[in-house]
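Below is coords14.cif, which holds mmCIF, C-alpha atoms; chains and numbers go by the auth columns.
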data_model
loop_
_atom_site.group_PDB
_atom_site.id
_atom_site.type_symbol
_atom_site.label_atom_id
_atom_site.label_comp_id
_atom_site.label_asym_id
_atom_site.label_seq_id
_atom_site.Cartn_x
_atom_site.Cartn_y
_atom_site.Cartn_z
_atom_site.B_iso_or_equiv
_atom_site.auth_seq_id
_atom_site.auth_asym_id
ATOM 1 C CA MET A 1 -7.556 -16.280 17.027 0.00 231 A
ATOM 2 C CA PRO A 2 -5.855 -13.369 18.841 0.00 232 A
ATOM 3 C CA ASN A 3 -8.265 -10.770 20.188 0.00 233 A
ATOM 4 C CA LEU A 4 -8.190 -7.030 19.542 0.00 234 A
ATOM 5 C CA ALA A 5 -6.244 -6.219 22.710 0.00 235 A
ATOM 6 C CA SER A 6 -3.461 -8.675 21.899 0.00 236 A
ATOM 7 C CA ILE A 7 -3.215 -7.440 18.296 0.00 237 A
ATOM 8 C CA ALA A 8 -3.063 -3.838 19.529 0.00 238 A
ATOM 9 C CA ALA A 9 -0.303 -4.771 21.971 0.00 239 A
ATOM 10 C CA LEU A 10 1.688 -6.439 19.186 0.00 240 A
ATOM 11 C CA ILE A 11 1.408 -3.464 16.853 0.00 241 A
ATOM 12 C CA GLY A 12 2.047 -0.988 19.675 0.00 242 A
ATOM 13 C CA ASP A 13 5.553 -2.265 20.386 0.00 243 A
ATOM 14 C CA PRO A 14 8.016 0.156 18.695 0.00 244 A
ATOM 15 C CA SER A 15 10.229 -2.599 17.266 0.00 245 A
ATOM 16 C CA ARG A 16 7.350 -4.589 15.856 0.00 246 A
ATOM 17 C CA ALA A 17 5.688 -1.421 14.539 0.00 247 A
ATOM 18 C CA ALA A 18 8.900 -0.516 12.678 0.00 248 A
ATOM 19 C CA MET A 19 9.036 -3.991 11.149 0.00 249 A
ATOM 20 C CA LEU A 20 5.409 -3.856 10.027 0.00 250 A
ATOM 21 C CA GLN A 21 5.898 -0.445 8.431 0.00 251 A
ATOM 22 C CA ALA A 22 8.949 -1.772 6.601 0.00 252 A
ATOM 23 C CA LEU A 23 6.783 -4.512 5.086 0.00 253 A
ATOM 24 C CA LEU A 24 4.067 -2.135 3.858 0.00 254 A
ATOM 25 C CA PRO A 25 5.390 -1.941 0.277 0.00 255 A
ATOM 26 C CA GLY A 26 4.557 -5.635 -0.126 0.00 256 A
ATOM 27 C CA GLU A 27 8.175 -6.799 -0.328 0.00 257 A
ATOM 28 C CA ALA A 28 9.470 -9.825 1.557 0.00 258 A
ATOM 29 C CA LEU A 29 12.408 -9.054 3.856 0.00 259 A
ATOM 30 C CA THR A 30 14.790 -11.228 5.855 0.00 260 A
ATOM 31 C CA ALA A 31 15.066 -11.191 9.630 0.00 261 A
ATOM 32 C CA GLY A 32 18.417 -9.403 9.341 0.00 262 A
ATOM 33 C CA GLU A 33 16.937 -6.619 7.221 0.00 263 A
ATOM 34 C CA LEU A 34 14.038 -6.202 9.643 0.00 264 A
ATOM 35 C CA ALA A 35 16.371 -6.228 12.645 0.00 265 A
ATOM 36 C CA ARG A 36 18.272 -3.297 11.129 0.00 266 A
ATOM 37 C CA VAL A 37 15.025 -1.433 10.474 0.00 267 A
ATOM 38 C CA ALA A 38 13.960 -1.916 14.096 0.00 268 A
ATOM 39 C CA ASN A 39 17.471 -1.248 15.432 0.00 269 A
ATOM 40 C CA ILE A 40 17.521 -4.437 17.508 0.00 270 A
ATOM 41 C CA GLY A 41 19.691 -7.556 17.664 0.00 271 A
ATOM 42 C CA ALA A 42 19.144 -10.773 15.766 0.00 272 A
ATOM 43 C CA ALA A 43 17.824 -12.731 18.762 0.00 273 A
ATOM 44 C CA ALA A 44 15.318 -10.030 19.685 0.00 274 A
ATOM 45 C CA ALA A 45 14.218 -9.721 16.055 0.00 275 A
ATOM 46 C CA SER A 46 13.614 -13.462 15.869 0.00 276 A
ATOM 47 C CA GLN A 47 11.343 -13.296 18.913 0.00 277 A
ATOM 48 C CA GLN A 48 9.430 -10.315 17.567 0.00 278 A
ATOM 49 C CA LEU A 49 8.926 -11.927 14.175 0.00 279 A
ATOM 50 C CA LYS A 50 7.753 -15.160 15.767 0.00 280 A
ATOM 51 C CA ALA A 51 5.097 -13.222 17.696 0.00 281 A
ATOM 52 C CA LEU A 52 3.957 -11.413 14.549 0.00 282 A
ATOM 53 C CA ALA A 53 3.750 -14.674 12.599 0.00 283 A
ATOM 54 C CA GLU A 54 1.785 -16.436 15.346 0.00 284 A
ATOM 55 C CA SER A 55 -0.680 -13.541 15.381 0.00 285 A
ATOM 56 C CA GLY A 56 -1.301 -13.872 11.654 0.00 286 A
ATOM 57 C CA LEU A 57 0.000 -10.381 10.863 0.00 287 A
ATOM 58 C CA ILE A 58 2.923 -11.647 8.785 0.00 288 A
ATOM 59 C CA ALA A 59 3.634 -14.713 6.691 0.00 289 A
ATOM 60 C CA VAL A 60 7.016 -16.478 6.474 0.00 290 A
ATOM 61 C CA HIS A 61 8.433 -18.121 3.367 0.00 291 A
ATOM 62 C CA ALA A 62 11.500 -20.362 3.582 0.00 292 A
ATOM 63 C CA GLN A 63 13.807 -20.444 0.563 0.00 293 A
ATOM 64 C CA GLY A 64 17.034 -22.351 0.975 0.00 294 A
ATOM 65 C CA ARG A 65 18.836 -21.049 4.047 0.00 295 A
ATOM 66 C CA HIS A 66 16.804 -17.852 4.116 0.00 296 A
ATOM 67 C CA ARG A 67 13.437 -17.042 5.619 0.00 297 A
ATOM 68 C CA TYR A 68 11.527 -14.161 4.101 0.00 298 A
ATOM 69 C CA HIS A 69 8.828 -12.219 5.937 0.00 299 A
ATOM 70 C CA ARG A 70 5.944 -10.281 4.419 0.00 300 A
ATOM 71 C CA LEU A 71 2.584 -8.928 5.537 0.00 301 A
ATOM 72 C CA ALA A 72 -0.056 -11.625 5.629 0.00 302 A
ATOM 73 C CA GLY A 73 -2.258 -9.815 3.129 0.00 303 A
ATOM 74 C CA GLU A 74 -3.742 -6.611 1.841 0.00 304 A
ATOM 75 C CA GLU A 75 -6.195 -6.474 4.754 0.00 305 A
ATOM 76 C CA VAL A 76 -3.256 -6.176 7.174 0.00 306 A
ATOM 77 C CA ALA A 77 -1.667 -3.441 5.025 0.00 307 A
ATOM 78 C CA ALA A 78 -4.940 -1.511 4.894 0.00 308 A
ATOM 79 C CA ALA A 79 -5.371 -1.769 8.664 0.00 309 A
ATOM 80 C CA LEU A 80 -1.848 -0.467 9.257 0.00 310 A
ATOM 81 C CA GLU A 81 -2.323 2.466 6.867 0.00 311 A
ATOM 82 C CA THR A 82 -5.586 3.320 8.625 0.00 312 A
ATOM 83 C CA LEU A 83 -3.902 3.278 12.038 0.00 313 A
ATOM 84 C CA ILE A 84 -1.068 5.468 10.758 0.00 314 A
ATOM 85 C CA ALA A 85 -3.617 7.947 9.420 0.00 315 A
ATOM 86 C CA LEU A 86 -5.476 8.338 12.722 0.00 316 A
ATOM 87 C CA PRO A 87 -5.286 11.855 14.188 0.00 317 A
ATOM 88 C CA GLN A 88 -2.598 12.274 16.827 0.00 318 A
ATOM 89 C CA THR A 89 -3.341 13.569 20.328 0.00 319 A
ATOM 90 C CA SER A 90 -0.612 16.198 19.987 0.00 320 A
ATOM 91 C CA PRO A 91 -0.668 18.942 17.323 0.00 321 A
ATOM 92 C CA ARG A 92 0.173 17.434 13.975 0.00 322 A
ATOM 93 C CA LYS A 93 3.738 18.089 12.862 0.00 323 A
ATOM 94 C CA SER A 94 4.699 18.992 9.334 0.00 324 A
ATOM 95 C CA TRP A 95 4.948 16.070 6.928 0.00 325 A
ATOM 96 C CA PRO A 96 8.362 14.523 7.722 0.00 326 A
ATOM 97 C CA HIS A 97 9.089 12.428 4.631 0.00 327 A
ATOM 98 C CA GLY A 98 9.244 15.007 1.848 0.00 328 A
ATOM 99 C CA GLU A 99 6.798 16.102 -0.798 0.00 329 A
ATOM 100 C CA ALA A 100 7.923 13.437 -3.287 0.00 330 A
ATOM 101 C CA PHE A 101 6.856 10.722 -0.856 0.00 331 A
ATOM 102 C CA ARG A 102 3.594 12.506 -0.187 0.00 332 A
ATOM 103 C CA GLN A 103 2.888 12.941 -3.904 0.00 333 A
ATOM 104 C CA GLY A 104 3.058 9.258 -4.827 0.00 334 A
ATOM 105 C CA ARG A 105 4.050 5.985 -3.190 0.00 335 A
ATOM 106 C CA LEU A 106 3.118 2.351 -2.979 0.00 336 A
ATOM 107 C CA CYS A 107 0.834 1.104 -0.229 0.00 337 A
ATOM 108 C CA TRP A 108 1.096 -2.673 -0.460 0.00 338 A
ATOM 109 C CA HIS A 109 0.689 -2.990 -4.252 0.00 339 A
ATOM 110 C CA HIS A 110 -1.555 0.002 -4.950 0.00 340 A
ATOM 111 C CA LEU A 111 -1.092 3.718 -5.536 0.00 341 A
ATOM 112 C CA ALA A 112 -1.160 5.998 -2.491 0.00 342 A
ATOM 113 C CA GLY A 113 -0.450 9.627 -1.710 0.00 343 A
ATOM 114 C CA ARG A 114 -1.937 12.566 -3.574 0.00 344 A
ATOM 115 C CA LEU A 115 -1.931 10.631 -6.848 0.00 345 A
ATOM 116 C CA GLY A 116 -3.791 7.713 -5.296 0.00 346 A
ATOM 117 C CA VAL A 117 -6.378 9.936 -3.640 0.00 347 A
ATOM 118 C CA ALA A 118 -6.922 11.889 -6.874 0.00 348 A
ATOM 119 C CA LEU A 119 -7.367 8.665 -8.838 0.00 349 A
ATOM 120 C CA HIS A 120 -9.956 7.396 -6.343 0.00 350 A
ATOM 121 C CA GLU A 121 -11.862 10.679 -6.568 0.00 351 A
ATOM 122 C CA ARG A 122 -11.956 10.563 -10.367 0.00 352 A
ATOM 123 C CA LEU A 123 -13.014 6.921 -10.610 0.00 353 A
ATOM 124 C CA SER A 124 -15.746 7.291 -8.001 0.00 354 A
ATOM 125 C CA GLY A 125 -16.860 10.796 -8.997 0.00 355 A
ATOM 126 C CA ASP A 126 -16.918 10.411 -12.778 0.00 356 A
ATOM 127 C CA GLY A 127 -18.999 7.279 -13.016 0.00 357 A
ATOM 128 C CA TRP A 128 -16.257 4.667 -13.438 0.00 358 A
ATOM 129 C CA MET A 129 -17.145 3.018 -10.108 0.00 359 A
ATOM 130 C CA GLU A 130 -20.286 2.780 -7.996 0.00 360 A
ATOM 131 C CA ALA A 131 -20.756 1.861 -4.357 0.00 361 A
ATOM 132 C CA ALA A 132 -21.249 -1.852 -3.689 0.00 362 A
ATOM 133 C CA PRO A 133 -21.381 -4.007 -0.539 0.00 363 A
ATOM 134 C CA GLY A 134 -17.928 -3.960 1.027 0.00 364 A
ATOM 135 C CA GLY A 135 -16.461 -1.457 -1.414 0.00 365 A
ATOM 136 C CA TRP A 136 -16.895 -0.593 -5.076 0.00 366 A
ATOM 137 C CA ALA A 137 -18.026 -2.163 -8.357 0.00 367 A
ATOM 138 C CA LEU A 138 -17.212 -1.015 -11.871 0.00 368 A
ATOM 139 C CA THR A 139 -19.903 0.555 -13.994 0.00 369 A
ATOM 140 C CA ALA A 140 -20.216 -0.448 -17.640 0.00 370 A
ATOM 141 C CA ARG A 141 -18.274 2.713 -18.532 0.00 371 A
ATOM 142 C CA GLY A 142 -15.516 1.934 -16.065 0.00 372 A
ATOM 143 C CA GLU A 143 -15.282 -1.663 -17.246 0.00 373 A
ATOM 144 C CA THR A 144 -14.887 -0.614 -20.870 0.00 374 A
ATOM 145 C CA ARG A 145 -12.422 2.230 -20.236 0.00 375 A
ATOM 146 C CA LEU A 146 -10.139 0.336 -17.868 0.00 376 A
ATOM 147 C CA ALA A 147 -10.057 -2.749 -20.088 0.00 377 A
ATOM 148 C CA ALA A 148 -9.109 -0.513 -23.025 0.00 378 A
ATOM 149 C CA LEU A 149 -6.227 0.919 -20.976 0.00 379 A
ATOM 150 C CA GLY A 150 -4.874 -2.578 -20.378 0.00 380 A
ATOM 151 C CA VAL A 151 -5.971 -3.109 -16.773 0.00 381 A
ATOM 152 C CA ASP A 152 -6.145 -6.856 -16.033 0.00 382 A
ATOM 153 C CA LEU A 153 -9.708 -6.967 -14.686 0.00 383 A
ATOM 154 C CA PRO A 154 -9.911 -10.791 -14.431 0.00 384 A
ATOM 155 C CA ALA A 155 -6.810 -10.725 -12.190 0.00 385 A
ATOM 156 C CA ALA A 156 -8.372 -7.931 -10.130 0.00 386 A
ATOM 157 C CA ARG A 157 -11.482 -10.027 -9.576 0.00 387 A
ATOM 158 C CA ARG A 158 -9.431 -12.976 -8.324 0.00 388 A
ATOM 159 C CA ALA A 159 -8.253 -10.892 -5.356 0.00 389 A
ATOM 160 C CA PRO A 160 -9.956 -11.425 -1.978 0.00 390 A
ATOM 161 C CA ARG A 161 -11.484 -7.949 -2.366 0.00 391 A
ATOM 162 C CA PHE A 162 -12.121 -6.428 -5.776 0.00 392 A
ATOM 163 C CA ALA A 163 -12.158 -2.706 -4.942 0.00 393 A
ATOM 164 C CA CYS A 164 -12.222 -1.019 -1.536 0.00 394 A
ATOM 165 C CA ASP A 165 -11.079 2.100 0.292 0.00 395 A
ATOM 166 C CA CYS A 166 -7.766 2.399 2.120 0.00 396 A
ATOM 167 C CA MET A 167 -7.368 5.496 4.285 0.00 397 A
ATOM 168 C CA ASP A 168 -4.314 7.388 3.041 0.00 398 A
ATOM 169 C CA TRP A 169 -1.593 7.941 5.621 0.00 399 A
ATOM 170 C CA SER A 170 -0.582 11.445 4.508 0.00 400 A
ATOM 171 C CA GLU A 171 -3.769 12.784 2.917 0.00 401 A
ATOM 172 C CA ARG A 172 -6.362 11.440 5.408 0.00 402 A
ATOM 173 C CA ARG A 173 -8.659 10.596 2.491 0.00 403 A
ATOM 174 C CA PRO A 174 -9.129 7.199 0.835 0.00 404 A
ATOM 175 C CA HIS A 175 -7.162 5.807 -2.045 0.00 405 A
ATOM 176 C CA LEU A 176 -8.172 2.716 -4.018 0.00 406 A
ATOM 177 C CA ALA A 177 -7.153 -0.697 -2.704 0.00 407 A
ATOM 178 C CA GLY A 178 -8.129 -4.274 -3.498 0.00 408 A
ATOM 179 C CA GLY A 179 -7.439 -6.142 -6.699 0.00 409 A
ATOM 180 C CA LEU A 180 -8.550 -3.195 -8.828 0.00 410 A
ATOM 181 C CA GLY A 181 -6.185 -0.786 -7.081 0.00 411 A
ATOM 182 C CA ARG A 182 -3.335 -3.253 -7.568 0.00 412 A
ATOM 183 C CA GLU A 183 -4.018 -3.838 -11.255 0.00 413 A
ATOM 184 C CA VAL A 184 -4.549 -0.155 -12.108 0.00 414 A
ATOM 185 C CA THR A 185 -1.203 0.617 -10.447 0.00 415 A
ATOM 186 C CA ALA A 186 0.471 -2.277 -12.277 0.00 416 A
ATOM 187 C CA MET A 187 -0.841 -0.914 -15.570 0.00 417 A
ATOM 188 C CA MET A 188 0.543 2.549 -14.824 0.00 418 A
ATOM 189 C CA LEU A 189 3.961 1.140 -13.967 0.00 419 A
ATOM 190 C CA ARG A 190 3.929 -1.142 -17.009 0.00 420 A
ATOM 191 C CA ARG A 191 3.132 1.773 -19.316 0.00 421 A
ATOM 192 C CA HIS A 192 5.733 3.989 -17.587 0.00 422 A
ATOM 193 C CA TRP A 193 3.159 6.497 -16.415 0.00 423 A
ATOM 194 C CA LEU A 194 4.657 5.938 -12.976 0.00 424 A
ATOM 195 C CA THR A 195 8.208 5.007 -12.092 0.00 425 A
ATOM 196 C CA ARG A 196 9.905 3.796 -8.919 0.00 426 A
ATOM 197 C CA ILE A 197 12.259 6.548 -7.723 0.00 427 A
ATOM 198 C CA GLU A 198 14.652 4.484 -5.623 0.00 428 A
ATOM 199 C CA PRO A 199 13.720 0.789 -5.961 0.00 429 A
ATOM 200 C CA GLY A 200 17.077 -0.352 -4.568 0.00 430 A
ATOM 201 C CA ALA A 201 17.268 2.033 -1.606 0.00 431 A
ATOM 202 C CA ARG A 202 18.135 0.582 1.807 0.00 432 A
ATOM 203 C CA ASP A 203 15.461 2.723 3.449 0.00 433 A
ATOM 204 C CA THR A 204 12.152 0.891 3.115 0.00 434 A
ATOM 205 C CA LEU A 205 10.229 4.165 2.937 0.00 435 A
ATOM 206 C CA GLN A 206 12.351 5.357 0.013 0.00 436 A
ATOM 207 C CA ARG A 207 11.684 2.121 -1.886 0.00 437 A
ATOM 208 C CA ARG A 208 7.977 2.970 -1.854 0.00 438 A
ATOM 209 C CA ARG A 209 8.349 6.328 -3.598 0.00 439 A
ATOM 210 C CA LEU A 210 6.750 6.777 -7.019 0.00 440 A
ATOM 211 C CA ALA A 211 7.067 9.597 -9.539 0.00 441 A
ATOM 212 C CA CYS A 212 4.737 10.494 -12.376 0.00 442 A
ATOM 213 C CA THR A 213 6.578 10.671 -15.707 0.00 443 A
ATOM 214 C CA PRO A 214 5.850 13.443 -18.253 0.00 444 A
ATOM 215 C CA GLU A 215 4.091 10.822 -20.373 0.00 445 A
ATOM 216 C CA GLY A 216 2.134 9.735 -17.307 0.00 446 A
ATOM 217 C CA ALA A 217 1.054 13.291 -16.499 0.00 447 A
ATOM 218 C CA ARG A 218 -0.351 13.674 -20.001 0.00 448 A
ATOM 219 C CA ALA A 219 -2.045 10.267 -19.876 0.00 449 A
ATOM 220 C CA LEU A 220 -3.604 10.820 -16.446 0.00 450 A
ATOM 221 C CA ALA A 221 -4.977 14.161 -17.618 0.00 451 A
ATOM 222 C CA ALA A 222 -6.307 12.717 -20.866 0.00 452 A
ATOM 223 C CA GLU A 223 -7.714 9.438 -19.532 0.00 453 A
ATOM 224 C CA PHE A 224 -8.839 10.359 -16.014 0.00 454 A
ATOM 225 C CA GLY A 225 -9.035 14.147 -16.026 0.00 455 A
ATOM 226 C CA MET A 226 -6.376 14.362 -13.298 0.00 456 A
ATOM 227 C CA ALA A 227 -4.636 17.754 -13.335 0.00 457 A
ATOM 228 C CA LEU A 228 -1.218 17.291 -11.727 0.00 458 A
#
Translate this file's structure into structure tokens.
Amino acid sequence: MPNLASIAALIGDPSRAAMLQALLPGEALTAGELARVANIGAAAASQQLKALAESGLIAVHAQGRHRYHRLAGEEVAAALETLIALPQTSPRKSWPHGEAFRQGRLCWHHLAGRLGVALHERLSGDGWMEAAPGGWALTARGETRLAALGVDLPAARRAPRFACDCMDWSERRPHLAGGLGREVTAMMLRRHWLTRIEPGARDTLQRRRLACTPEGARALAAEFGMAL
């Protein structure tokens, strides 16, 4: 098992860091796609991806002639988001990715940005969730309300972690991760409360962007008391 210093060295390399960030939405990408993201050649990309796979940070899936790479799990995604959110030694620059990206985006398979932070605050502050070892548990009220909204709670409970905090990259406050965060986000996308802005964009950051629909704004206000 690689130690902390070796993991830090792997993540600290600019090319590997770019590849890991590209995989944050939870999508599986080919070596060629990741090479373009990192702005390196195919041979160098192959070496970098081999190192990431051997460390356990990414998983590789072979399908026909192609090999697809993805983050090894939600724990890796959460760790990367936390590292990104750490304060910088130099004065913090203005947010570089635009307000739409800051408002709502995917982090792995759960809602991040201002929408994700606001959702976490409502669920934890209004008695839908209560603190539990390692994260959060649903209260009876939360169980009933989320099930009524169509959240797949059995699927959420099959995840390695049911509900936990993930430090938000742009807001520096936690949003909801774990199986519950994934299934609540899936429900919002399924009901068209949220929509992917540019799901086919070449830029991996742009593919993560989410927008709240007019119907979603009304539903989030009515169901969760979120004023957008």
For the provided coordinates, the residues matched by the PyMOL selection byres ((chain A and resi 439-444) around 10) should be stated as a compact mmCIF listing (two decimals) with C-alpha atoms, in the coordinates of the input.
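Output contents, as saved in result.txt:
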# COMPACT_ATOMS: atom_id res chain seq x y z
CA PRO A 255 5.39 -1.94 0.28
CA ALA A 330 7.92 13.44 -3.29
CA PHE A 331 6.86 10.72 -0.86
CA ARG A 332 3.59 12.51 -0.19
CA GLN A 333 2.89 12.94 -3.90
CA GLY A 334 3.06 9.26 -4.83
CA ARG A 335 4.05 5.98 -3.19
CA LEU A 336 3.12 2.35 -2.98
CA CYS A 337 0.83 1.10 -0.23
CA LEU A 341 -1.09 3.72 -5.54
CA ALA A 342 -1.16 6.00 -2.49
CA GLY A 343 -0.45 9.63 -1.71
CA LEU A 345 -1.93 10.63 -6.85
CA MET A 418 0.54 2.55 -14.82
CA LEU A 419 3.96 1.14 -13.97
CA HIS A 422 5.73 3.99 -17.59
CA TRP A 423 3.16 6.50 -16.42
CA LEU A 424 4.66 5.94 -12.98
CA THR A 425 8.21 5.01 -12.09
CA ARG A 426 9.90 3.80 -8.92
CA ILE A 427 12.26 6.55 -7.72
CA GLU A 428 14.65 4.48 -5.62
CA PRO A 429 13.72 0.79 -5.96
CA THR A 434 12.15 0.89 3.12
CA LEU A 435 10.23 4.16 2.94
CA GLN A 436 12.35 5.36 0.01
CA ARG A 437 11.68 2.12 -1.89
CA ARG A 438 7.98 2.97 -1.85
CA GLU A 445 4.09 10.82 -20.37
CA GLY A 446 2.13 9.74 -17.31
CA ALA A 447 1.05 13.29 -16.50
CA ARG A 448 -0.35 13.67 -20.00
CA ALA A 449 -2.04 10.27 -19.88
CA LEU A 450 -3.60 10.82 -16.45
CA LEU A 458 -1.22 17.29 -11.73
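Among the candidates A:Arg300, A:His291, A:Arg246, A:Arg421, the one nearest to Ala274 in chain A when counting only C-alpha atoms is A:Arg246.
Atom pair CA of Gly364 in chain A / CA of Thr312 in chain A: separated by 16.2 Å.
Shortest atom-to-atom contact with Arg344 in chain A among A:Leu279, A:Met397, A:Ile314, A:Val306: A:Met397, counting only C-alpha atoms.
Reported to one decimal place, the separation of CA of Glu373 in chain A from CA of Ala386 in chain A is 11.7 Å.
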All residues 9 Å or closer to Ala370 in chain A, all atoms listed in the file, same chain fewer than 5 positions away omitted, as a PyMOL selection string | chain A and resi 358-359+375
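Taking CA of Ala292 in chain A as the reference point, CA of Ala252 in chain A is found at 19.0 Å.
This file, queried with the PyMOL selection byres ((chain A and resi 241-245) around 9), gives the residues A:Ser236, A:Ile237, A:Ala238, A:Ala239, A:Leu240, A:Arg246, A:Ala247, A:Ala248, A:Met249, A:Leu250, A:Ala265, A:Val267, A:Ala268, A:Asn269, A:Ile270, A:Ala275, A:Gln278, A:Leu282, A:Leu310.
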Counting only C-alpha atoms, what is within 8 Å of Cys396 in chain A, bar same-chain residues fewer than 5 positions away, as a CSV table (one decimal) with C-alpha atoms, in the coordinates of the input?
chain,number,residue,atom,x,y,z
A,308,ALA,CA,-4.9,-1.5,4.9
A,311,GLU,CA,-2.3,2.5,6.9
A,312,THR,CA,-5.6,3.3,8.6
A,404,PRO,CA,-9.1,7.2,0.8
A,405,HIS,CA,-7.2,5.8,-2.0
A,406,LEU,CA,-8.2,2.7,-4.0
A,407,ALA,CA,-7.2,-0.7,-2.7
Near Thr260 in chain A, within 8 Å and counting all atoms listed in the file, which residues show up once chain neighbours fewer than 5 positions away are dropped, as a PDB file with C-alpha atoms, keeping the file's coordinate frame?
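See part-v5.pdb below for the written result:
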ATOM      1  CA  HIS A 296      16.804 -17.852   4.116  1.00  0.00           C
ATOM      2  CA  ARG A 297      13.437 -17.042   5.619  1.00  0.00           C
ATOM      3  CA  TYR A 298      11.527 -14.161   4.101  1.00  0.00           C
ATOM      4  CA  HIS A 299       8.828 -12.219   5.937  1.00  0.00           C
TER       5      HIS A 299
END
Neighbour list for Leu379 in chain A as a PyMOL selection string, cut-off 9 Å, only C-alpha atoms, skip fewer than 4 positions in-chain = chain A and resi 374-375+417+453
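Excluding Met456 in chain A and any residue on its chain fewer than 6 positions from it, the residues at most 8 Å away by all atoms listed in the file are Ala348, Leu349, Arg352 and Leu450 of chain A.
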